[in-house]
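Note sheet for the following structure.
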Amino acid sequence: MEYVDSLTGFRLDGRRPNDMRQIRGEIGVVAKADGSALFEMGNTKVIAAVYGPREVQNKGQQINNQALVRCEYSMANFSTGDRTRRPKGDRRSTEISLVIRQTMEACILVHLMPRSQIDIFVQVLQADGGTRSACINAATLALADAGIPMRDLVTSCSAGYLSSTPLLDLNYVEDSAGGPDVTVGILAKTDKVTLLQMDSKLPIDIFENVMQLAIEGCKAIAQYIREVLLENTKLLESRKGL
Amino acid sequence: MLQSKSFAKKTKQGRVIKVVREHYLRDDIYCGATFCKVCDTSAARLSASASATILIVDTNVVLNQIDLLENPKIDDVVVLSVVLEEVRHKNLSVYNRVKALCTNPLRKFFVFSNEHHRDTYVKDMIGESPNDRNDRAIRVAARWYQIHLGESTQILLITNDRENKKRATEEGISAETVESYVKSLGKPDLLDLVVLSSSVDVPMEDVEDLRPSKKKIIYSEHKPMSEVTSGLLHGIYHQGKLRVNRYNPFEAYVGSESISEEIVICGRANMNRAFHGDIVAVELLPQDQWRDGKSLIIDDDDDDEEEVHLVPNSADDVPRFENPVQPTSGSSPPVSSHPPGRVVGIIKRNWHSYCGSLDPMPMPAGNAGVAHALFASKDRRIPKIRIQTRQLGNLLDKRIIVAVDSWDCLSRYPSGHYVLLIENDINSRPFSSQVLACLPPLPWSLSLEDLANSNREDLRHLRVFSVDPPGCRDIDDALHCKPLGNGNFEVGVHIADVTNFVLPGTPLDEEASQRGTSVYLVERRIDMLPKSLTEDICSLCSDVERLSFSVIWELTPDANIVSTRYTKSAIKSCAALSYVEAQARMDDSRLMDPLTTDLRNLNSLAKIMRLRRIKRGALTLASPEVKFQIDTETHDPLDIGMYQIREANQMIEEFMLAANISVAEKILKHFSLCSLLRRHPSPTKEMLEPLLRTAAAVGLDLDVSSSKALADSLDRAVGDDPYFNKLIRILATRCMTQAIYFSSGDLSPSEFSHYGLAAPIYTHFTSPIRRYADVIVHRLLAAALGISRLPPIFMDGPQLTSIADNLNYRHRNAQMASRASVELHTVIFFRNRPTDTEARILKIKSNGFIVFVPKFGIEGPVYLVAKDKGSSDWVVDEAHQKVTKAGTKITYGILQTVRIHMEVVEPQPNRPKLQLTLII
Amino acid sequence: MVGLSLGEKQFIHGGIAEDLRTDGRKRLHYRPISIETGVIPQANGSARVRLGATDVIVSIKAELGKPSSLQPDKGKVAIFVDCSSTAAPMFEGRGGEELSSELSVALQRCLLGGKSGAGAGIDPSSLVIVEGKVCWDLYIDGLVVSSDGNLLDALGAAIKVALSNTGIPKVTVILGPSPNDQPDVDLSDEEFLQFDTTGVPVIVTLTKVGRHYIADATLEEESQMSSAMSVSLNRHGHICGLTKRGGAGLDPSVVLDMISVAQHVGEQLMSMLDSEIAAAEAAAAQEQ
């Protein structure tokens, strides 16, 4: 199957190899939460809600000098092409919850909120490849909306290598092609990598190219997230009457 | 801008999924005209002058008229991406041809991605069929082109679809049919390439009465696809590839997985328009219609006979017959074990272009010179094809290529159109300029950088020499043999370093990969690589420095390997000997110079290695290769004889085998999942059956439990007749399978073995100049040694498998072309030279037998009765493999010597054949 | 959620008694409803309903299946509700399961009728393809994204809207050679079967706080309720289902009174939903 058309250079959906899908972010979708956001990457739609900082529910887990960050990832029954009932505690969800938690924990200034708990809940409404990245981006927005102090914005993007070309932001069809899939999460301003995952195999020099491409994708998303947050702040300002 | 496409899909398990895909629209897609002022012209392909007409073709035009489009006179064509997608789904081979046209820099074909262009994207309307939607997309794109470039050039939409044309004209787009456009160009030879749409009002003149009112349905309709699929599922129909009997085109076999025996299809009606190589769905005939076949060398309609041909080298070349002879005396004939069936549907067509000539016919009187001729392909398995042409006079009596278009159930023959005229029998394709651009300029010599490369050892001081057939100019291997201080020998095999010049991914590499191998014909060679590489730059000629890839062993005096090393090297060959010269040197006891000593040392080592191989069970089969001596002026064969194998040949062969085995071991160690190896599957019991039967008939007991057992039995098979052993070996050869290339990731290690060589692992390393498989192995070895990186193609398992399959296919084709060439020259030789000679009987039939002529290495049929007479005179004794004339003592047994007369006859013009008759 | 102080509780009770609730509404007023259709393109039909701060998404997927042997001429419909942890932290893990199953059962009762399938709001006989062999299985999945009271109403409304948005592909049946075999089904991409949603009921929940009932309670108001009753009503004003929640007992006359109030409120809700659905369909058609 040709993932990059040799005659035109376009991918299956008409993008060029280093084009990202259309992204959209919205803040404040869940009114009851302290912070929430909706993030879309192409057809992948994710809602993140943040509750906290609040009192620790389970006293046994309380940490005395920093906040406890908890995260839960779940997919809706209708999120994928074929509808399946998903038990909440299955392995893939647990793994992704862990990944998101670790990524966000690295950027939240947890020592500012000891003995408290910050809950991040991520719900996938539609999955079309790149759910991990969309979740992290949504979580970043939601945390910003909740006003939780962070070191920097964390953004994430995935890249792959099919038909001998590095491709940015794989969708579900390209992801299931069985080629390598590299997910990168970086701290936007300080340029530090906080998340790096890959499956399948790649020779080292090609891997460098693919990772570089993913990092550039992350930077572009960071740019967009900054704009969204700026818009939101302006809106709040105007509401406040400033 | 983002659109989304959604459709419902049914999975294999029967579940329904709704699939939603993104579809991005861009505004950076350009029109492709070099003179356009608005667009970016960096990728433009259409011609520079604004006066040319730009053609936009629709799908059916591409599918049906691909031969017309390939003609260089048609240019400046815009192929829309919607058209390209439709073509890809309907016919992959046409798609590949269009793709080749679009990527060829010499042709002006431009691919316009109309589906992703913001202005030309067409959204599906409710209630519109996909075909209508695509037609609408084509019209919108044509309109866009008209607006975009209309002032400067003329845009023309070419379509044969009446509805589309009407709508286009209504919308203000200029549209024309193919015929009218080609007519306007005024080139009659182009018109021939135009495939006419099959309409009933085209009159057909033929022997049959084909007036529309009298046309009757000759063949039954093919069943619709859905019925075929459900029939296959329920086991009523069987799917398989149709294999037509070369010696009886109205008999074919279908081997299907769902049934253990092959289904036999007899008769034109039952074949129901299926071609050799098609994937068909077959229905078994009801029990009462099961006839049994006779193994006569005869068939029904046309007069096709067995032809004289080369002795086959493997089971693939052996002509197939039906079940062996049954006694003509006696009761009701037993039911044949091949169930008969008939074709009910064709799942996949395997239509190609075929080579052959037109049946002679008188020039037509009227009809503006359009003649309806019958084309007979050289390949007897293909039925005759009806074509229309205006150039009948030009084409009669010549070899032409014809492509098939259609075959409906009303016509006796399929319809096709003429494509090309070819000069000789073989269509040789020169290398394109893109390929030649990859070559280093001549004169080439070793440079300082080549030597300075740390991966390359300087072995120019070694006494390296090569031994090849006389007149050989593409020398790919050379050897050296140096006695070491400790009594051992250092032996090196140096192979031309082709991969130094043929880099992966270049046009040179692509072309070589497509060709797969050099083809050796009697008079000439179709090279895999350009001549400058094969005969000069890579060839290890004597007295010049050349780059090579070496395998160097330390061997004890009894040829045991102490150590092996591999390296890239630079050598300087001191002598390029022929086999005769090398043999003469070794035999001449007076010569004591270092070169001769080396030869003798190598020879003694080789003899030990060969003996060891034979002990392990390597087979020495007889392949009576025939050699021609050609007159340089008339190109007629002067003499024909068997290829002589001398000790020198065997010596070189031995070391090449050893090198191949060593390299195979090395690359497998490093790349166990993606090495290209070569295996020879052991023959099955069924394949060895004919050999065992024949052997039993002459009282010989052969043990076929293993290759060693067989080799030993063959060695023991000696009779008072000096030729006996050779004959048995020839019969054994017919039972062998072909050796094939494969990727090591596809099979388990126990399946890697090479039966014939009795080696657990084998590959091809020693001839990269003429085999692409060796080029691949060179790359693997270089990566294993860390010299260069393995190209990414090796990571892709399925692609490597398809490369191996392609190589096997090309190898087969090259072999068949070679054999055809030899057979052709055989006929030419014997024309005007009727000869009487000795022959041995190989197989008994009820109306004659098949003989082998040792002097010329050919085999063919000898008839005892005239074809059309009955076969009741001669009685066949199956058990003793004898045929006896009834009531007499005249009998002929297998392996018996007879005298025959060989003469070329021409029962049909342009179809000469060699005929063998018995001299009583 | 933070607990309510005594003062706040009194404020709520008082307001309701005065027909002036905390957010300014009258007792039987609904919060502004906003409806979006087609939010999940991968599903056959979907809708998102926002009732104030309550946000629910419903998706409907149709799959091929075999009808149950008890009712070979009807298709199958299943309703599942999932409370996402984004709605409230207490829904994390298995915390939301209780509420989810309660909502699912209530919806099933209101919309699908009894075990025999009689009186269903959604008619399953339109889902059968080949009697006894092939039918459509309809999976209705609800997801509560944000919860601010009155989930049942929101879900009911969302289901009605989603059904109006649902398109099931038309099928052509290819019968196998023998009558016992499973026939093969061919899907057509273009034509769709639209559901007739005029018969689908809506659910109206009335919450009794003190001596009055309110419609469309927020989370805070729900915390103060003594009992609540959800009535499912269809276009003709007939009752399709009834659920009572809450510990306090109700006088039977009160129950009948609540039902008549619910009918009245239900009519308004129904007409509002219908107009929204029509508007959404018109917008979709225009886009085409």
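To be explicit about the labels: the chains of the structure tokens are called A, B, and onward in the order shown, and within each one the residues are counted from 1, while ligands get numbers from 1 in the order they are shown.
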
For chain B, work out the contacting residues on chain A at 8 Å, counting only C-alpha atoms, and write them as an MDAnalysis selection string.
chainID A and resid 7:8 13:15 22 42:43 81:82 164

Taking only C-alpha atoms into account, what are the residues of chain A at most 8 Å from chain C, put as a short mmCIF file (atom, residue, chain, number, x, y, z; two decimals) with all heavy atoms, in the first residue's frame?
data_model
loop_
_atom_site.label_atom_id
_atom_site.label_comp_id
_atom_site.auth_asym_id
_atom_site.auth_seq_id
_atom_site.Cartn_x
_atom_site.Cartn_y
_atom_site.Cartn_z
N VAL A 30 -15.92 21.95 30.39
CA VAL A 30 -16.63 21.34 31.51
C VAL A 30 -16.75 22.39 32.59
O VAL A 30 -15.78 22.73 33.24
CB VAL A 30 -15.85 20.11 32.04
CG1 VAL A 30 -16.59 19.49 33.19
CG2 VAL A 30 -15.65 19.10 30.92
N ALA A 31 -17.95 22.90 32.78
CA ALA A 31 -18.11 24.06 33.68
C ALA A 31 -17.77 23.72 35.11
O ALA A 31 -17.24 24.54 35.85
CB ALA A 31 -19.53 24.57 33.57
N LYS A 32 -18.07 22.50 35.50
CA LYS A 32 -17.89 22.15 36.91
C LYS A 32 -16.44 21.93 37.30
O LYS A 32 -16.11 21.90 38.47
CB LYS A 32 -18.66 20.85 37.20
CG LYS A 32 -20.12 21.06 37.40
CD LYS A 32 -20.40 21.36 38.85
CE LYS A 32 -21.70 22.10 38.99
NZ LYS A 32 -21.95 22.53 40.34
N ALA A 33 -15.59 21.70 36.31
CA ALA A 33 -14.20 21.38 36.65
C ALA A 33 -13.43 22.65 36.93
O ALA A 33 -13.80 23.73 36.48
CB ALA A 33 -13.57 20.61 35.50
N ILE A 47 -11.23 15.29 25.51
CA ILE A 47 -11.59 16.28 26.53
C ILE A 47 -10.76 16.01 27.77
O ILE A 47 -10.67 14.87 28.21
CB ILE A 47 -13.08 16.18 26.91
CG1 ILE A 47 -13.93 16.71 25.77
CG2 ILE A 47 -13.37 16.98 28.16
CD1 ILE A 47 -15.38 16.82 26.13
N ALA A 48 -10.16 17.05 28.33
CA ALA A 48 -9.42 16.88 29.59
C ALA A 48 -10.04 17.78 30.64
O ALA A 48 -10.42 18.91 30.35
CB ALA A 48 -7.96 17.27 29.38
N ALA A 49 -10.16 17.25 31.87
CA ALA A 49 -10.70 18.05 32.96
C ALA A 49 -9.75 17.93 34.13
O ALA A 49 -9.23 16.86 34.43
CB ALA A 49 -12.09 17.55 33.35
N VAL A 50 -9.51 19.06 34.80
CA VAL A 50 -8.59 19.08 35.93
C VAL A 50 -9.34 19.48 37.18
O VAL A 50 -10.07 20.48 37.18
CB VAL A 50 -7.44 20.08 35.66
CG1 VAL A 50 -6.66 20.36 36.93
CG2 VAL A 50 -6.53 19.55 34.58
N TYR A 51 -9.22 18.68 38.24
CA TYR A 51 -9.81 19.04 39.52
C TYR A 51 -8.68 19.19 40.52
O TYR A 51 -7.96 18.24 40.81
CB TYR A 51 -10.75 17.92 39.99
CG TYR A 51 -12.03 17.83 39.18
CD1 TYR A 51 -12.09 17.02 38.06
CD2 TYR A 51 -13.14 18.57 39.54
CE1 TYR A 51 -13.25 16.95 37.31
CE2 TYR A 51 -14.31 18.49 38.80
CZ TYR A 51 -14.35 17.68 37.68
OH TYR A 51 -15.50 17.61 36.95
N GLU A 72 -6.27 9.89 34.98
CA GLU A 72 -7.01 8.74 34.45
C GLU A 72 -7.37 8.98 32.99
O GLU A 72 -7.86 10.03 32.62
CB GLU A 72 -8.29 8.52 35.24
CG GLU A 72 -8.93 7.20 34.83
CD GLU A 72 -10.31 7.04 35.42
OE1 GLU A 72 -11.26 7.63 34.87
OE2 GLU A 72 -10.42 6.33 36.43
N ALA A 76 -14.18 6.52 25.21
CA ALA A 76 -15.62 6.29 25.15
C ALA A 76 -15.91 5.05 24.31
O ALA A 76 -15.10 4.65 23.48
CB ALA A 76 -16.30 7.50 24.53
N ASN A 77 -17.06 4.47 24.53
CA ASN A 77 -17.41 3.25 23.80
C ASN A 77 -17.47 3.48 22.31
O ASN A 77 -17.25 2.58 21.52
CB ASN A 77 -18.79 2.75 24.24
CG ASN A 77 -18.75 2.19 25.64
OD1 ASN A 77 -17.69 1.88 26.14
ND2 ASN A 77 -19.90 2.09 26.25
N PHE A 78 -17.77 4.70 21.92
CA PHE A 78 -17.98 4.95 20.50
C PHE A 78 -16.76 5.61 19.86
O PHE A 78 -16.83 6.09 18.75
CB PHE A 78 -19.21 5.86 20.31
CG PHE A 78 -19.26 7.01 21.26
CD1 PHE A 78 -18.49 8.14 21.06
CD2 PHE A 78 -20.07 6.94 22.38
CE1 PHE A 78 -18.53 9.19 21.96
CE2 PHE A 78 -20.12 8.00 23.28
CZ PHE A 78 -19.34 9.13 23.06
N SER A 79 -15.66 5.62 20.59
CA SER A 79 -14.55 6.42 20.06
C SER A 79 -13.85 5.80 18.87
O SER A 79 -13.25 6.50 18.08
CB SER A 79 -13.52 6.67 21.16
OG SER A 79 -13.11 5.44 21.70
N THR A 80 -13.90 4.49 18.73
CA THR A 80 -13.20 3.90 17.59
C THR A 80 -14.20 3.42 16.55
O THR A 80 -15.40 3.45 16.79
CB THR A 80 -12.36 2.69 18.02
OG1 THR A 80 -13.21 1.81 18.74
CG2 THR A 80 -11.21 3.14 18.88
N GLY A 81 -13.69 2.98 15.44
CA GLY A 81 -14.53 2.57 14.32
C GLY A 81 -15.51 1.49 14.69
O GLY A 81 -16.70 1.57 14.40
N ARG A 83 -17.48 -0.44 17.68
CA ARG A 83 -17.85 -0.11 19.02
C ARG A 83 -17.53 -1.27 19.95
O ARG A 83 -17.96 -2.38 19.75
CB ARG A 83 -19.35 0.18 19.04
CG ARG A 83 -19.88 0.47 20.40
CD ARG A 83 -21.35 0.20 20.46
NE ARG A 83 -21.80 0.34 21.81
CZ ARG A 83 -21.83 -0.65 22.68
NH1 ARG A 83 -21.45 -1.84 22.30
NH2 ARG A 83 -22.22 -0.46 23.91
N LYS A 88 -12.79 -0.10 32.40
CA LYS A 88 -12.00 1.08 32.70
C LYS A 88 -10.57 0.75 33.07
O LYS A 88 -9.69 1.56 32.88
CB LYS A 88 -12.67 1.87 33.83
CG LYS A 88 -13.61 2.90 33.28
CD LYS A 88 -13.68 4.13 34.15
CE LYS A 88 -14.42 5.23 33.43
NZ LYS A 88 -15.10 6.11 34.36
N GLY A 89 -10.33 -0.38 33.65
CA GLY A 89 -8.98 -0.61 34.15
C GLY A 89 -8.09 -1.41 33.21
O GLY A 89 -7.14 -2.01 33.65
N ASP A 119 -6.09 16.22 40.15
CA ASP A 119 -6.60 15.12 39.32
C ASP A 119 -6.73 15.57 37.88
O ASP A 119 -7.31 16.60 37.61
CB ASP A 119 -7.99 14.71 39.80
CG ASP A 119 -7.93 13.96 41.10
OD1 ASP A 119 -7.01 13.13 41.25
OD2 ASP A 119 -8.78 14.21 41.98
N PHE A 121 -8.30 14.24 34.39
CA PHE A 121 -9.09 13.18 33.76
C PHE A 121 -9.15 13.45 32.27
O PHE A 121 -9.50 14.55 31.85
CB PHE A 121 -10.52 13.17 34.31
CG PHE A 121 -10.56 12.88 35.76
CD1 PHE A 121 -11.08 13.80 36.65
CD2 PHE A 121 -10.07 11.69 36.25
CE1 PHE A 121 -11.12 13.53 38.00
CE2 PHE A 121 -10.11 11.41 37.61
CZ PHE A 121 -10.62 12.34 38.50
N VAL A 122 -8.80 12.46 31.49
CA VAL A 122 -8.80 12.62 30.05
C VAL A 122 -9.79 11.64 29.43
O VAL A 122 -9.76 10.45 29.74
CB VAL A 122 -7.39 12.34 29.47
CG1 VAL A 122 -7.39 12.57 28.00
CG2 VAL A 122 -6.37 13.22 30.14
N GLN A 123 -10.68 12.15 28.61
CA GLN A 123 -11.69 11.29 27.99
C GLN A 123 -11.56 11.41 26.47
O GLN A 123 -11.61 12.50 25.93
CB GLN A 123 -13.08 11.78 28.41
CG GLN A 123 -14.22 11.05 27.78
CD GLN A 123 -14.53 9.75 28.48
OE1 GLN A 123 -14.20 9.58 29.65
NE2 GLN A 123 -15.15 8.84 27.80
N LEU A 125 -13.06 11.13 22.95
CA LEU A 125 -14.36 11.04 22.30
C LEU A 125 -14.25 10.37 20.95
O LEU A 125 -15.14 9.66 20.52
CB LEU A 125 -14.93 12.44 22.12
CG LEU A 125 -15.20 13.20 23.41
CD1 LEU A 125 -15.64 14.61 23.10
CD2 LEU A 125 -16.24 12.49 24.23
N GLN A 126 -13.16 10.64 20.25
CA GLN A 126 -12.93 10.03 18.94
C GLN A 126 -11.47 9.74 18.81
O GLN A 126 -10.64 10.59 19.11
CB GLN A 126 -13.31 11.03 17.86
CG GLN A 126 -14.61 10.73 17.20
CD GLN A 126 -14.82 11.67 16.04
OE1 GLN A 126 -15.81 12.34 15.98
NE2 GLN A 126 -13.89 11.73 15.14
#

Filtered DSSP result for region 721-833 of chain B, state helix (DSSP H, G or I), as an NGL selection string:
:B and (724-735 or 749-752 or 772-784 or 792-795 or 797-830)

Surrounding residues of region 245-252 of chain C excluding itself and chain neighbours under 2 positions, 6 Å, only C-alpha atoms, as number ranges by chain:
C: 226-228, 254-255

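Remark: for Ile118 (chain A), the closest of the candidate residues A:Ser176, A:Thr190, A:Gln57, A:Thr165 is A:Gln57 (distances computed over only C-alpha atoms).
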
Output as number ranges by chain all residues of region 120-262 of chain C that backbone DSSP marks as strand (DSSP E).
C: 128-130, 134-146, 167-174, 184-194, 202-209, 212-215, 227-233, 239-245

Could you tell me how far CA of Lys669 (chain B) lies from CA of Ile761 (chain B), in Å and to one decimal?
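So the two atoms, CA of Lys669 (chain B) and CA of Ile761 (chain B), lie 11.6 Å apart.
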